[in-house]
>>> print(open('structure17.cif').read())   # mmCIF, C-alpha atoms, pLDDT in the B column; chains and numbers go by the auth columns
data_model
loop_
_atom_site.group_PDB
_atom_site.id
_atom_site.type_symbol
_atom_site.label_atom_id
_atom_site.label_comp_id
_atom_site.label_asym_id
_atom_site.label_seq_id
_atom_site.Cartn_x
_atom_site.Cartn_y
_atom_site.Cartn_z
_atom_site.B_iso_or_equiv
_atom_site.auth_seq_id
_atom_site.auth_asym_id
ATOM 1 C CA ASP A 1 123.398 95.983 130.521 60.00 1 A
ATOM 2 C CA GLY A 2 124.251 93.576 127.742 71.00 2 A
ATOM 3 C CA GLY A 3 126.992 94.510 125.359 94.00 3 A
ATOM 4 C CA ILE A 4 130.482 94.043 124.023 97.00 4 A
ATOM 5 C CA THR A 5 133.527 95.227 125.900 97.00 5 A
ATOM 6 C CA GLN A 6 136.827 95.838 124.197 97.00 6 A
ATOM 7 C CA SER A 7 139.945 96.609 126.125 93.00 7 A
ATOM 8 C CA PRO A 8 142.079 98.556 126.273 94.00 8 A
ATOM 9 C CA LYS A 9 140.768 101.651 124.482 95.00 9 A
ATOM 10 C CA TYR A 10 144.268 102.694 123.420 96.00 10 A
ATOM 11 C CA LEU A 11 147.282 100.433 123.003 95.00 11 A
ATOM 12 C CA PHE A 12 150.856 101.296 122.118 95.00 12 A
ATOM 13 C CA ARG A 13 153.457 98.759 121.099 92.00 13 A
ATOM 14 C CA LYS A 14 156.905 98.645 119.635 92.00 14 A
ATOM 15 C CA GLU A 15 157.397 97.112 116.233 91.00 15 A
ATOM 16 C CA GLY A 16 158.185 93.405 116.440 91.00 16 A
ATOM 17 C CA GLN A 17 156.044 92.746 119.507 92.00 17 A
ATOM 18 C CA ASN A 18 152.892 90.646 119.504 94.00 18 A
ATOM 19 C CA VAL A 19 149.871 92.213 121.159 95.00 19 A
ATOM 20 C CA THR A 20 146.486 90.770 122.163 96.00 20 A
ATOM 21 C CA LEU A 21 143.251 92.729 122.035 97.00 21 A
ATOM 22 C CA SER A 22 140.444 91.661 124.313 97.00 22 A
ATOM 23 C CA CYS A 23 136.776 91.271 123.342 98.00 23 A
ATOM 24 C CA GLU A 24 134.084 90.036 125.730 98.00 24 A
ATOM 25 C CA GLN A 25 130.318 89.882 125.164 97.00 25 A
ATOM 26 C CA ASN A 26 127.430 89.070 127.482 96.00 26 A
ATOM 27 C CA LEU A 27 124.755 89.029 124.804 94.00 27 A
ATOM 28 C CA ASN A 28 124.825 85.220 124.526 93.00 28 A
ATOM 29 C CA HIS A 29 125.582 85.581 120.813 92.00 29 A
ATOM 30 C CA ASP A 30 127.045 82.644 118.942 90.00 30 A
ATOM 31 C CA ALA A 31 128.901 84.603 116.245 91.00 31 A
ATOM 32 C CA MET A 32 131.764 87.000 116.837 94.00 32 A
ATOM 33 C CA TYR A 33 133.873 89.050 114.436 94.00 33 A
ATOM 34 C CA TRP A 34 136.979 91.192 114.255 96.00 34 A
ATOM 35 C CA TYR A 35 137.128 94.138 111.864 96.00 35 A
ATOM 36 C CA ARG A 36 139.838 96.622 111.130 97.00 36 A
ATOM 37 C CA GLN A 37 139.027 100.241 110.238 96.00 37 A
ATOM 38 C CA ASP A 38 141.474 102.605 108.549 93.00 38 A
ATOM 39 C CA PRO A 39 140.761 106.254 107.735 85.00 39 A
ATOM 40 C CA GLY A 40 138.570 106.647 104.667 75.00 40 A
ATOM 41 C CA GLN A 41 138.098 102.901 104.255 81.00 41 A
ATOM 42 C CA GLY A 42 135.262 100.577 105.024 84.00 42 A
ATOM 43 C CA LEU A 43 135.507 98.016 107.778 93.00 43 A
ATOM 44 C CA ARG A 44 137.537 94.990 106.694 94.00 44 A
ATOM 45 C CA LEU A 45 136.935 91.558 108.177 93.00 45 A
ATOM 46 C CA ILE A 46 139.923 89.912 109.836 96.00 46 A
ATOM 47 C CA TYR A 47 138.480 86.764 111.448 95.00 47 A
ATOM 48 C CA TYR A 48 135.085 85.473 112.438 92.00 48 A
ATOM 49 C CA SER A 49 133.748 82.690 114.602 93.00 49 A
ATOM 50 C CA GLN A 50 130.293 81.199 114.279 89.00 50 A
ATOM 51 C CA ILE A 51 130.568 78.939 117.304 89.00 51 A
ATOM 52 C CA VAL A 52 132.897 78.077 120.168 93.00 52 A
ATOM 53 C CA ASN A 53 136.142 76.341 119.174 95.00 53 A
ATOM 54 C CA ASP A 54 135.676 77.256 115.519 93.00 54 A
ATOM 55 C CA PHE A 55 136.823 80.269 113.511 94.00 55 A
ATOM 56 C CA GLN A 56 137.541 81.237 109.909 92.00 56 A
ATOM 57 C CA LYS A 57 139.756 83.727 108.168 93.00 57 A
ATOM 58 C CA GLY A 58 138.227 86.864 106.796 91.00 58 A
ATOM 59 C CA ASP A 59 139.535 89.053 103.999 89.00 59 A
ATOM 60 C CA ILE A 60 142.720 90.256 105.730 94.00 60 A
ATOM 61 C CA ALA A 61 143.742 87.513 108.186 96.00 61 A
ATOM 62 C CA GLU A 62 147.475 87.542 107.449 96.00 62 A
ATOM 63 C CA GLY A 63 149.485 88.572 110.506 96.00 63 A
ATOM 64 C CA TYR A 64 146.592 87.994 112.919 98.00 64 A
ATOM 65 C CA SER A 65 145.443 85.070 115.046 97.00 65 A
ATOM 66 C CA VAL A 66 142.369 84.396 117.183 98.00 66 A
ATOM 67 C CA SER A 67 140.943 81.858 119.608 98.00 67 A
ATOM 68 C CA ARG A 68 137.388 81.055 120.672 97.00 68 A
ATOM 69 C CA GLU A 69 137.635 78.892 123.785 97.00 69 A
ATOM 70 C CA LYS A 70 134.603 80.473 125.430 97.00 70 A
ATOM 71 C CA LYS A 71 131.354 81.726 123.919 96.00 71 A
ATOM 72 C CA GLU A 72 131.738 85.155 125.454 97.00 72 A
ATOM 73 C CA SER A 73 135.372 85.778 124.512 98.00 73 A
ATOM 74 C CA PHE A 74 137.133 86.251 121.167 98.00 74 A
ATOM 75 C CA PRO A 75 140.651 87.708 121.641 98.00 75 A
ATOM 76 C CA LEU A 76 142.669 88.908 118.661 98.00 76 A
ATOM 77 C CA THR A 77 146.463 88.723 118.552 97.00 77 A
ATOM 78 C CA VAL A 78 148.272 91.095 116.237 96.00 78 A
ATOM 79 C CA THR A 79 151.581 89.432 115.460 94.00 79 A
ATOM 80 C CA SER A 80 154.859 90.914 114.308 90.00 80 A
ATOM 81 C CA ALA A 81 154.089 89.484 110.872 89.00 81 A
ATOM 82 C CA GLN A 82 151.348 92.087 110.330 90.00 82 A
ATOM 83 C CA LYS A 83 152.979 94.724 108.156 90.00 83 A
ATOM 84 C CA ASN A 84 150.724 97.685 108.970 92.00 84 A
ATOM 85 C CA PRO A 85 149.229 96.995 112.391 95.00 85 A
ATOM 86 C CA THR A 86 148.415 100.593 113.362 95.00 86 A
ATOM 87 C CA ALA A 87 144.619 100.850 113.045 96.00 87 A
ATOM 88 C CA PHE A 88 141.285 100.984 114.856 97.00 88 A
ATOM 89 C CA TYR A 89 140.113 97.456 115.699 98.00 89 A
ATOM 90 C CA LEU A 90 136.447 96.653 116.185 98.00 90 A
ATOM 91 C CA CYS A 91 134.936 93.509 117.653 97.00 91 A
ATOM 92 C CA ALA A 92 131.321 92.596 116.944 95.00 92 A
ATOM 93 C CA SER A 93 128.834 89.850 117.630 94.00 93 A
ATOM 94 C CA SER A 94 125.534 88.677 116.183 90.00 94 A
ATOM 95 C CA ILE A 95 122.921 86.088 117.030 85.00 95 A
ATOM 96 C CA GLY A 96 124.160 83.865 114.213 71.00 96 A
ATOM 97 C CA PRO A 97 125.230 81.316 113.136 53.00 97 A
ATOM 98 C CA ALA A 98 124.844 80.928 109.380 44.00 98 A
ATOM 99 C CA GLY A 99 121.448 79.750 108.271 39.00 99 A
ATOM 100 C CA GLY A 100 119.726 81.158 111.329 41.00 100 A
ATOM 101 C CA LEU A 101 118.719 84.770 111.642 48.00 101 A
ATOM 102 C CA SER A 102 121.322 85.583 109.062 65.00 102 A
ATOM 103 C CA ASN A 103 120.180 89.153 108.578 75.00 103 A
ATOM 104 C CA SER A 104 120.578 89.970 112.252 82.00 104 A
ATOM 105 C CA PRO A 105 122.515 93.156 112.939 88.00 105 A
ATOM 106 C CA LEU A 106 126.025 93.328 114.282 92.00 106 A
ATOM 107 C CA HIS A 107 126.598 94.646 117.778 94.00 107 A
ATOM 108 C CA PHE A 108 129.940 96.404 118.023 96.00 108 A
ATOM 109 C CA GLY A 109 132.262 97.222 120.878 97.00 109 A
ATOM 110 C CA ASN A 110 133.813 100.672 121.085 96.00 110 A
ATOM 111 C CA GLY A 111 137.086 99.591 119.587 97.00 111 A
ATOM 112 C CA THR A 112 140.760 99.508 120.441 97.00 112 A
ATOM 113 C CA ARG A 113 143.084 101.963 118.766 97.00 113 A
ATOM 114 C CA LEU A 114 146.450 100.277 118.294 96.00 114 A
ATOM 115 C CA THR A 115 149.556 102.292 117.522 96.00 115 A
ATOM 116 C CA VAL A 116 152.761 100.493 116.649 94.00 116 A
ATOM 117 C CA THR A 117 155.979 102.481 116.399 92.00 117 A
ATOM 118 C CA SER B 1 132.680 90.217 95.416 69.00 19 B
ATOM 119 C CA GLN B 2 130.362 93.040 96.321 76.00 20 B
ATOM 120 C CA LYS B 3 131.623 96.627 96.188 85.00 21 B
ATOM 121 C CA ILE B 4 129.888 99.450 97.980 91.00 22 B
ATOM 122 C CA GLU B 5 130.201 103.127 97.158 92.00 23 B
ATOM 123 C CA GLN B 6 129.309 105.858 99.601 94.00 24 B
ATOM 124 C CA ASN B 7 130.142 109.507 99.101 87.00 25 B
ATOM 125 C CA SER B 8 133.424 110.033 100.908 82.00 26 B
ATOM 126 C CA GLU B 9 132.917 113.787 101.041 88.00 27 B
ATOM 127 C CA ALA B 10 131.183 115.144 104.114 92.00 28 B
ATOM 128 C CA LEU B 11 127.580 116.255 103.771 96.00 29 B
ATOM 129 C CA ASN B 12 126.921 119.610 105.432 97.00 30 B
ATOM 130 C CA ILE B 13 123.331 120.664 106.003 97.00 31 B
ATOM 131 C CA GLN B 14 121.393 123.146 108.093 98.00 32 B
ATOM 132 C CA GLU B 15 119.444 122.068 111.144 98.00 33 B
ATOM 133 C CA GLY B 16 115.836 121.252 110.292 98.00 34 B
ATOM 134 C CA LYS B 17 116.570 120.183 106.729 98.00 35 B
ATOM 135 C CA THR B 18 116.415 116.630 105.395 98.00 36 B
ATOM 136 C CA ALA B 19 119.722 114.833 104.979 97.00 37 B
ATOM 137 C CA THR B 20 119.965 112.267 102.192 97.00 38 B
ATOM 138 C CA LEU B 21 122.854 109.823 102.031 97.00 39 B
ATOM 139 C CA THR B 22 123.505 107.405 99.186 97.00 40 B
ATOM 140 C CA CYS B 23 124.756 103.827 99.101 96.00 41 B
ATOM 141 C CA ASN B 24 125.455 102.240 95.721 96.00 42 B
ATOM 142 C CA TYR B 25 126.493 98.649 95.168 93.00 43 B
ATOM 143 C CA THR B 26 127.961 97.149 92.042 89.00 44 B
ATOM 144 C CA ASN B 27 127.260 93.459 91.763 82.00 45 B
ATOM 145 C CA TYR B 28 124.413 91.142 92.738 80.00 46 B
ATOM 146 C CA SER B 29 121.359 92.496 94.495 81.00 47 B
ATOM 147 C CA PRO B 30 121.607 91.602 98.171 85.00 48 B
ATOM 148 C CA ALA B 31 118.857 89.983 100.212 84.00 49 B
ATOM 149 C CA TYR B 32 118.991 92.956 102.572 89.00 50 B
ATOM 150 C CA LEU B 33 120.907 96.077 103.386 91.00 51 B
ATOM 151 C CA GLN B 34 121.749 97.592 106.765 93.00 52 B
ATOM 152 C CA TRP B 35 122.567 101.121 107.904 97.00 53 B
ATOM 153 C CA TYR B 36 124.777 101.957 110.883 97.00 54 B
ATOM 154 C CA ARG B 37 125.760 105.147 112.647 98.00 55 B
ATOM 155 C CA GLN B 38 129.305 105.661 113.901 97.00 56 B
ATOM 156 C CA ASP B 39 130.470 108.452 116.190 97.00 57 B
ATOM 157 C CA PRO B 40 134.177 109.380 116.377 94.00 58 B
ATOM 158 C CA GLY B 41 136.189 106.858 118.379 93.00 59 B
ATOM 159 C CA ARG B 42 133.201 104.564 118.864 96.00 60 B
ATOM 160 C CA GLY B 43 131.900 101.392 117.282 97.00 61 B
ATOM 161 C CA PRO B 44 129.066 101.483 114.718 97.00 62 B
ATOM 162 C CA VAL B 45 125.510 101.223 116.009 97.00 63 B
ATOM 163 C CA PHE B 46 122.813 99.463 113.989 96.00 64 B
ATOM 164 C CA LEU B 47 119.971 101.700 112.795 97.00 65 B
ATOM 165 C CA LEU B 48 117.813 100.016 110.170 95.00 66 B
ATOM 166 C CA LEU B 49 117.571 96.956 107.962 93.00 67 B
ATOM 167 C CA ILE B 50 115.653 96.853 104.697 94.00 68 B
ATOM 168 C CA ARG B 51 114.970 93.668 102.752 90.00 69 B
ATOM 169 C CA GLU B 52 115.040 93.317 98.977 88.00 70 B
ATOM 170 C CA ASN B 53 111.251 93.039 98.765 89.00 71 B
ATOM 171 C CA GLU B 54 110.748 96.246 100.769 92.00 72 B
ATOM 172 C CA LYS B 55 110.788 99.564 98.949 88.00 73 B
ATOM 173 C CA GLU B 56 110.878 101.701 102.062 96.00 74 B
ATOM 174 C CA LYS B 57 111.429 101.401 105.815 96.00 75 B
ATOM 175 C CA ARG B 58 110.848 104.054 108.463 96.00 76 B
ATOM 176 C CA LYS B 59 111.912 104.514 112.065 95.00 77 B
ATOM 177 C CA GLU B 60 111.070 107.807 113.737 96.00 78 B
ATOM 178 C CA ARG B 61 112.892 110.495 111.691 98.00 79 B
ATOM 179 C CA LEU B 62 114.777 107.936 109.622 98.00 80 B
ATOM 180 C CA LYS B 63 113.716 106.550 106.264 98.00 81 B
ATOM 181 C CA VAL B 64 115.547 104.063 104.076 98.00 82 B
ATOM 182 C CA THR B 65 114.708 103.147 100.485 97.00 83 B
ATOM 183 C CA PHE B 66 116.016 100.249 98.444 95.00 84 B
ATOM 184 C CA ASP B 67 115.986 100.287 94.637 93.00 85 B
ATOM 185 C CA THR B 68 117.320 97.016 93.238 90.00 86 B
ATOM 186 C CA THR B 69 117.053 98.337 89.662 91.00 87 B
ATOM 187 C CA LEU B 70 119.348 101.263 90.410 93.00 88 B
ATOM 188 C CA LYS B 71 121.401 99.145 92.858 93.00 89 B
ATOM 189 C CA GLN B 72 121.020 101.896 95.373 95.00 90 B
ATOM 190 C CA SER B 73 119.792 102.637 98.867 96.00 91 B
ATOM 191 C CA LEU B 74 118.991 106.110 100.137 97.00 92 B
ATOM 192 C CA PHE B 75 119.078 107.018 103.808 98.00 93 B
ATOM 193 C CA HIS B 76 117.059 110.065 104.869 98.00 94 B
ATOM 194 C CA ILE B 77 117.040 111.941 108.158 98.00 95 B
ATOM 195 C CA THR B 78 114.158 114.403 108.344 98.00 96 B
ATOM 196 C CA ALA B 79 114.161 117.475 110.594 98.00 97 B
ATOM 197 C CA SER B 80 117.885 116.968 111.136 98.00 98 B
ATOM 198 C CA GLN B 81 119.511 118.017 114.391 98.00 99 B
ATOM 199 C CA PRO B 82 123.144 118.735 115.324 98.00 100 B
ATOM 200 C CA ALA B 83 123.029 115.500 117.359 98.00 101 B
ATOM 201 C CA ASP B 84 122.582 113.619 114.072 98.00 102 B
ATOM 202 C CA SER B 85 126.134 114.582 113.093 98.00 103 B
ATOM 203 C CA ALA B 86 128.063 111.333 112.656 97.00 104 B
ATOM 204 C CA THR B 87 129.344 108.970 109.993 97.00 105 B
ATOM 205 C CA TYR B 88 126.752 106.688 108.445 97.00 106 B
ATOM 206 C CA LEU B 89 127.738 103.307 107.035 97.00 107 B
ATOM 207 C CA CYS B 90 125.809 100.975 104.802 95.00 108 B
ATOM 208 C CA ALA B 91 126.450 97.247 104.799 93.00 109 B
ATOM 209 C CA LEU B 92 125.427 94.333 102.600 89.00 110 B
ATOM 210 C CA PRO B 93 125.844 90.564 102.828 85.00 111 B
ATOM 211 C CA ALA B 94 129.369 89.655 101.760 77.00 112 B
ATOM 212 C CA SER B 95 128.247 86.713 99.656 72.00 113 B
ATOM 213 C CA LEU B 96 125.283 85.827 97.514 65.00 114 B
ATOM 214 C CA ASN B 97 124.075 83.073 99.839 63.00 115 B
ATOM 215 C CA ASN B 98 124.735 85.162 102.939 57.00 116 B
ATOM 216 C CA ALA B 99 126.676 82.386 104.617 59.00 117 B
ATOM 217 C CA GLY B 100 128.038 83.272 108.041 59.00 118 B
ATOM 218 C CA ASN B 101 126.251 86.570 108.369 63.00 119 B
ATOM 219 C CA MET B 102 129.311 88.352 107.069 80.00 120 B
ATOM 220 C CA LEU B 103 128.813 91.894 105.943 87.00 121 B
ATOM 221 C CA THR B 104 130.682 94.131 103.520 88.00 122 B
ATOM 222 C CA PHE B 105 130.765 97.740 104.664 92.00 123 B
ATOM 223 C CA GLY B 106 130.982 100.945 102.704 93.00 124 B
ATOM 224 C CA GLY B 107 133.495 103.613 103.702 93.00 125 B
ATOM 225 C CA GLY B 108 130.754 105.753 105.198 95.00 126 B
ATOM 226 C CA THR B 109 129.559 109.309 104.676 96.00 127 B
ATOM 227 C CA ARG B 110 130.134 111.922 107.339 96.00 128 B
ATOM 228 C CA LEU B 111 127.113 114.110 108.062 98.00 129 B
ATOM 229 C CA MET B 112 127.497 117.518 109.690 98.00 130 B
ATOM 230 C CA VAL B 113 124.310 119.281 110.805 98.00 131 B
ATOM 231 C CA LYS B 114 124.861 122.946 111.591 97.00 132 B
ATOM 232 C CA PRO B 115 122.622 124.834 114.037 95.00 133 B
#
>>> encode(input="structure17.cif", output="structure tokens")
Amino acid sequence: DGGITQSPKYLFRKEGQNVTLSCEQNLNHDAMYWYRQDPGQGLRLIYYSQIVNDFQKGDIAEGYSVSREKKESFPLTVTSAQKNPTAFYLCASSIGPAGGLSNSPLHFGNGTRLTVT
Amino acid sequence: SQKIEQNSEALNIQEGKTATLTCNYTNYSPAYLQWYRQDPGRGPVFLLLIRENEKEKRKERLKVTFDTTLKQSLFHITASQPADSATYLCALPASLNNAGNMLTFGGGTRLMVKP
């Protein structure tokens, strides 16, 4: 089955530690995205990548970093510079890129819940 | 930038009734609007897309309307079932020219269907 896999489901870290969240897709999608979801708030875009070896900051990129070395993988690192890292993180992909089927839906993984204490 | 308003209070309805959820946006009229369903602890799942030149879109028990004058989309579930209980999110293009297929999401409305 094609889809997006995020791992792990739950992640616990101590304050001051960097942590990397995994996202892998086998949908052959060009575009990939990272969103953060907090209770009562809409999804907020952290980073997105329209093609391999290229990525752009979203609305709340501070304290996060990404890489896109392979089409199927888009890992997110939450650094110690992120002031409020505890959240539910969602990875998504779409056929993309811009100018193509730009109204194509997003396919989401089932998220990683990160707790930093 | 676009702002989306969805009722943050949960909608409680009886099984068999029609559920109606509202999505209001504040700025430019988007080229399209999408609706997603999200279950607790899971990622959103795409349900329907409606374009600006479409007044209504249907899929099985789901119906979406799009009123660019009112800047509003309504999402209906007819003959609702307890299995329809979830949070429903609407999403619009983040920019006027829709570059990058980036979406702005509303906070979602939680629907509870009681048997």
>>> resolve_selection(input="structure17.cif", expression="the PyMOL selection byres ((chain A and resi 66) around 10)", output="list of chain:residue names")
A:Thr20, A:Leu21, A:Trp34, A:Ile46, A:Tyr47, A:Tyr48, A:Ser49, A:Asp54, A:Phe55, A:Gln56, A:Lys57, A:Ala61, A:Tyr64, A:Ser65, A:Ser67, A:Arg68, A:Glu69, A:Phe74, A:Pro75, A:Leu76, A:Thr77, A:Val78
>>> closest_residue(input="structure17.cif", among="B:Lys89, B:His94, B:Arg128, B:Lys75", to="B:Lys21", atoms="only C-alpha atoms")
B:Lys89
>>> residues_around(input="structure17.cif", residues="stretch 23-32 of chain A", least_positions_apart="2", cutoff="9 Å", atoms="only C-alpha atoms", output="VMD selection string")
(chain A and resid 1 to 7 21 34 47 to 52 71 to 76 90 to 98 106 109) or (chain B and resid 118 to 119)
>>> closest_atom_pairs(input="structure17.cif", of="chain B", to="chain A", cutoff="12 Å", atoms="all atoms listed in the file", output="tab-separated table")
residue	atom	partner	partner_atom	distance
B:Ser19	CA	A:Asp59	CA	11.0
B:Lys21	CA	A:Gly42	CA	10.3
B:Ile22	CA	A:Gly42	CA	8.9
B:Glu23	CA	A:Gly42	CA	9.7
B:Gln24	CA	A:Gly42	CA	9.6
B:Asn25	CA	A:Gly40	CA	10.5
B:Ser26	CA	A:Gly40	CA	7.2
B:Glu27	CA	A:Gly40	CA	9.8
B:Ala28	CA	A:Gly40	CA	11.3
B:Pro48	CA	A:Asn103	CA	10.8
B:Ala49	CA	A:Asn103	CA	8.5
B:Tyr50	CA	A:Asn103	CA	7.2
B:Leu51	CA	A:Asn103	CA	8.7
B:Gln52	CA	A:Pro105	CA	7.6
B:Trp53	CA	A:Pro105	CA	9.4
B:Tyr54	CA	A:Pro105	CA	9.3
B:Arg55	CA	A:Phe108	CA	11.1
B:Gln56	CA	A:Asn110	CA	9.8
B:Asp57	CA	A:Asn110	CA	9.8
B:Pro58	CA	A:Asn110	CA	9.9
B:Gly59	CA	A:Asn110	CA	7.2
B:Arg60	CA	A:Asn110	CA	4.5
B:Gly61	CA	A:Asn110	CA	4.3
B:Pro62	CA	A:Phe108	CA	6.1
B:Val63	CA	A:Phe108	CA	6.8
B:Phe64	CA	A:Pro105	CA	6.4
B:Leu65	CA	A:Pro105	CA	8.9
B:Leu66	CA	A:Pro105	CA	8.8
B:Leu67	CA	A:Pro105	CA	8.0
B:Ile68	CA	A:Asn103	CA	9.7
B:Arg69	CA	A:Asn103	CA	9.0
B:Glu70	CA	A:Asn103	CA	11.7
B:Thr105	CA	A:Gly40	CA	10.9
B:Tyr106	CA	A:Gly42	CA	11.0
B:Leu107	CA	A:Gly42	CA	8.3
B:Cys108	CA	A:Gly42	CA	9.5
B:Ala109	CA	A:Gly42	CA	9.4
B:Leu110	CA	A:Asn103	CA	9.5
B:Pro111	CA	A:Asn103	CA	8.2
B:Ala112	CA	A:Leu45	CA	10.1
B:Ser113	CA	A:Ser102	CA	11.7
B:Asn115	CA	A:Gly99	CA	9.4
B:Asn116	CA	A:Ser102	CA	7.0
B:Ala117	CA	A:Ala98	CA	5.3
B:Gly118	CA	A:Ala98	CA	4.2
B:Asn119	CA	A:Ser102	CA	5.1
B:Met120	CA	A:Leu45	CA	8.3
B:Leu121	CA	A:Leu45	CA	8.4
B:Thr122	CA	A:Leu43	CA	7.5
B:Phe123	CA	A:Gly42	CA	5.3
B:Gly124	CA	A:Gly42	CA	4.9
B:Gly125	CA	A:Gly42	CA	3.8
B:Gly126	CA	A:Gly42	CA	6.9
B:Thr127	CA	A:Gly40	CA	9.4
B:Arg128	CA	A:Gly40	CA	10.3
>>> write_last_selection(input="structure17.cif", atoms="C-alpha atoms", output="mmCIF file, in the coordinates of the input")
data_model
loop_
_atom_site.group_PDB
_atom_site.id
_atom_site.type_symbol
_atom_site.label_atom_id
_atom_site.label_comp_id
_atom_site.auth_asym_id
_atom_site.auth_seq_id
_atom_site.Cartn_x
_atom_site.Cartn_y
_atom_site.Cartn_z
ATOM 1 C CA SER B 19 132.680 90.217 95.416
ATOM 2 C CA LYS B 21 131.623 96.627 96.188
ATOM 3 C CA ILE B 22 129.888 99.450 97.980
ATOM 4 C CA GLU B 23 130.201 103.127 97.158
ATOM 5 C CA GLN B 24 129.309 105.858 99.601
ATOM 6 C CA ASN B 25 130.142 109.507 99.101
ATOM 7 C CA SER B 26 133.424 110.033 100.908
ATOM 8 C CA GLU B 27 132.917 113.787 101.041
ATOM 9 C CA ALA B 28 131.183 115.144 104.114
ATOM 10 C CA PRO B 48 121.607 91.602 98.171
ATOM 11 C CA ALA B 49 118.857 89.983 100.212
ATOM 12 C CA TYR B 50 118.991 92.956 102.572
ATOM 13 C CA LEU B 51 120.907 96.077 103.386
ATOM 14 C CA GLN B 52 121.749 97.592 106.765
ATOM 15 C CA TRP B 53 122.567 101.121 107.904
ATOM 16 C CA TYR B 54 124.777 101.957 110.883
ATOM 17 C CA ARG B 55 125.760 105.147 112.647
ATOM 18 C CA GLN B 56 129.305 105.661 113.901
ATOM 19 C CA ASP B 57 130.470 108.452 116.190
ATOM 20 C CA PRO B 58 134.177 109.380 116.377
ATOM 21 C CA GLY B 59 136.189 106.858 118.379
ATOM 22 C CA ARG B 60 133.201 104.564 118.864
ATOM 23 C CA GLY B 61 131.900 101.392 117.282
ATOM 24 C CA PRO B 62 129.066 101.483 114.718
ATOM 25 C CA VAL B 63 125.510 101.223 116.009
ATOM 26 C CA PHE B 64 122.813 99.463 113.989
ATOM 27 C CA LEU B 65 119.971 101.700 112.795
ATOM 28 C CA LEU B 66 117.813 100.016 110.170
ATOM 29 C CA LEU B 67 117.571 96.956 107.962
ATOM 30 C CA ILE B 68 115.653 96.853 104.697
ATOM 31 C CA ARG B 69 114.970 93.668 102.752
ATOM 32 C CA GLU B 70 115.040 93.317 98.977
ATOM 33 C CA THR B 105 129.344 108.970 109.993
ATOM 34 C CA TYR B 106 126.752 106.688 108.445
ATOM 35 C CA LEU B 107 127.738 103.307 107.035
ATOM 36 C CA CYS B 108 125.809 100.975 104.802
ATOM 37 C CA ALA B 109 126.450 97.247 104.799
ATOM 38 C CA LEU B 110 125.427 94.333 102.600
ATOM 39 C CA PRO B 111 125.844 90.564 102.828
ATOM 40 C CA ALA B 112 129.369 89.655 101.760
ATOM 41 C CA SER B 113 128.247 86.713 99.656
ATOM 42 C CA ASN B 115 124.075 83.073 99.839
ATOM 43 C CA ASN B 116 124.735 85.162 102.939
ATOM 44 C CA ALA B 117 126.676 82.386 104.617
ATOM 45 C CA GLY B 118 128.038 83.272 108.041
ATOM 46 C CA ASN B 119 126.251 86.570 108.369
ATOM 47 C CA MET B 120 129.311 88.352 107.069
ATOM 48 C CA LEU B 121 128.813 91.894 105.943
ATOM 49 C CA THR B 122 130.682 94.131 103.520
ATOM 50 C CA PHE B 123 130.765 97.740 104.664
ATOM 51 C CA GLY B 124 130.982 100.945 102.704
ATOM 52 C CA GLY B 125 133.495 103.613 103.702
ATOM 53 C CA GLY B 126 130.754 105.753 105.198
ATOM 54 C CA THR B 127 129.559 109.309 104.676
ATOM 55 C CA ARG B 128 130.134 111.922 107.339
#
>>> atom_distance(input="structure17.cif", atom1="atom CA of A:Gln82", atom2="atom CA of A:Lys70")
25.4 Å
>>> residues_near_point(input="structure17.cif", point="(148.8, 96.1, 111.2)", cutoff="9 Å", atoms="only C-alpha atoms", output="list of chain:residue names")
A:Arg36, A:Gly63, A:Tyr64, A:Val78, A:Thr79, A:Ser80, A:Ala81, A:Gln82, A:Lys83, A:Asn84, A:Pro85, A:Thr86, A:Ala87, A:Leu114, A:Thr115, A:Val116
>>> residues_around(input="structure17.cif", residues="B:Thr83", least_positions_apart="2", cutoff="8 Å", atoms="all atoms listed in the file", output="list in words")
Ile68, Glu72, Lys73, Glu74, Lys75, Lys81, Asp85, Ser91, Leu92 and Phe93 of chain B
>>> residues_around(input="structure17.cif", residues="B:Asn30", least_positions_apart="3", cutoff="10 Å", atoms="all atoms listed in the file", output="compact mmCIF listing (two decimals) with C-alpha atoms, in the coordinates of the input")
# COMPACT_ATOMS: atom_id res chain seq x y z
CA GLU B 27 132.92 113.79 101.04
CA GLU B 33 119.44 122.07 111.14
CA ALA B 37 119.72 114.83 104.98
CA SER B 103 126.13 114.58 113.09
CA ARG B 128 130.13 111.92 107.34
CA LEU B 129 127.11 114.11 108.06
CA MET B 130 127.50 117.52 109.69
CA VAL B 131 124.31 119.28 110.80
CA LYS B 132 124.86 122.95 111.59
>>> atom_distance(input="structure17.cif", atom1="atom CA of B:Asn71", atom2="atom CA of B:Asn42")
17.2 Å
>>> residues_near_point(input="structure17.cif", point="(120.9, 93.4, 92.3)", cutoff="6 Å", atoms="all atoms listed in the file", output="MDAnalysis selection string")
chainID B and resid 46:47 86 89
>>> atom_distance(input="structure17.cif", atom1="atom CA of B:Tyr43", atom2="atom CA of B:Gln90")
6.4 Å
>>> closest_residue(input="structure17.cif", among="B:Leu39, B:Ala104, B:Leu29, B:Ala97", to="B:Arg79", atoms="all atoms listed in the file")
B:Ala97
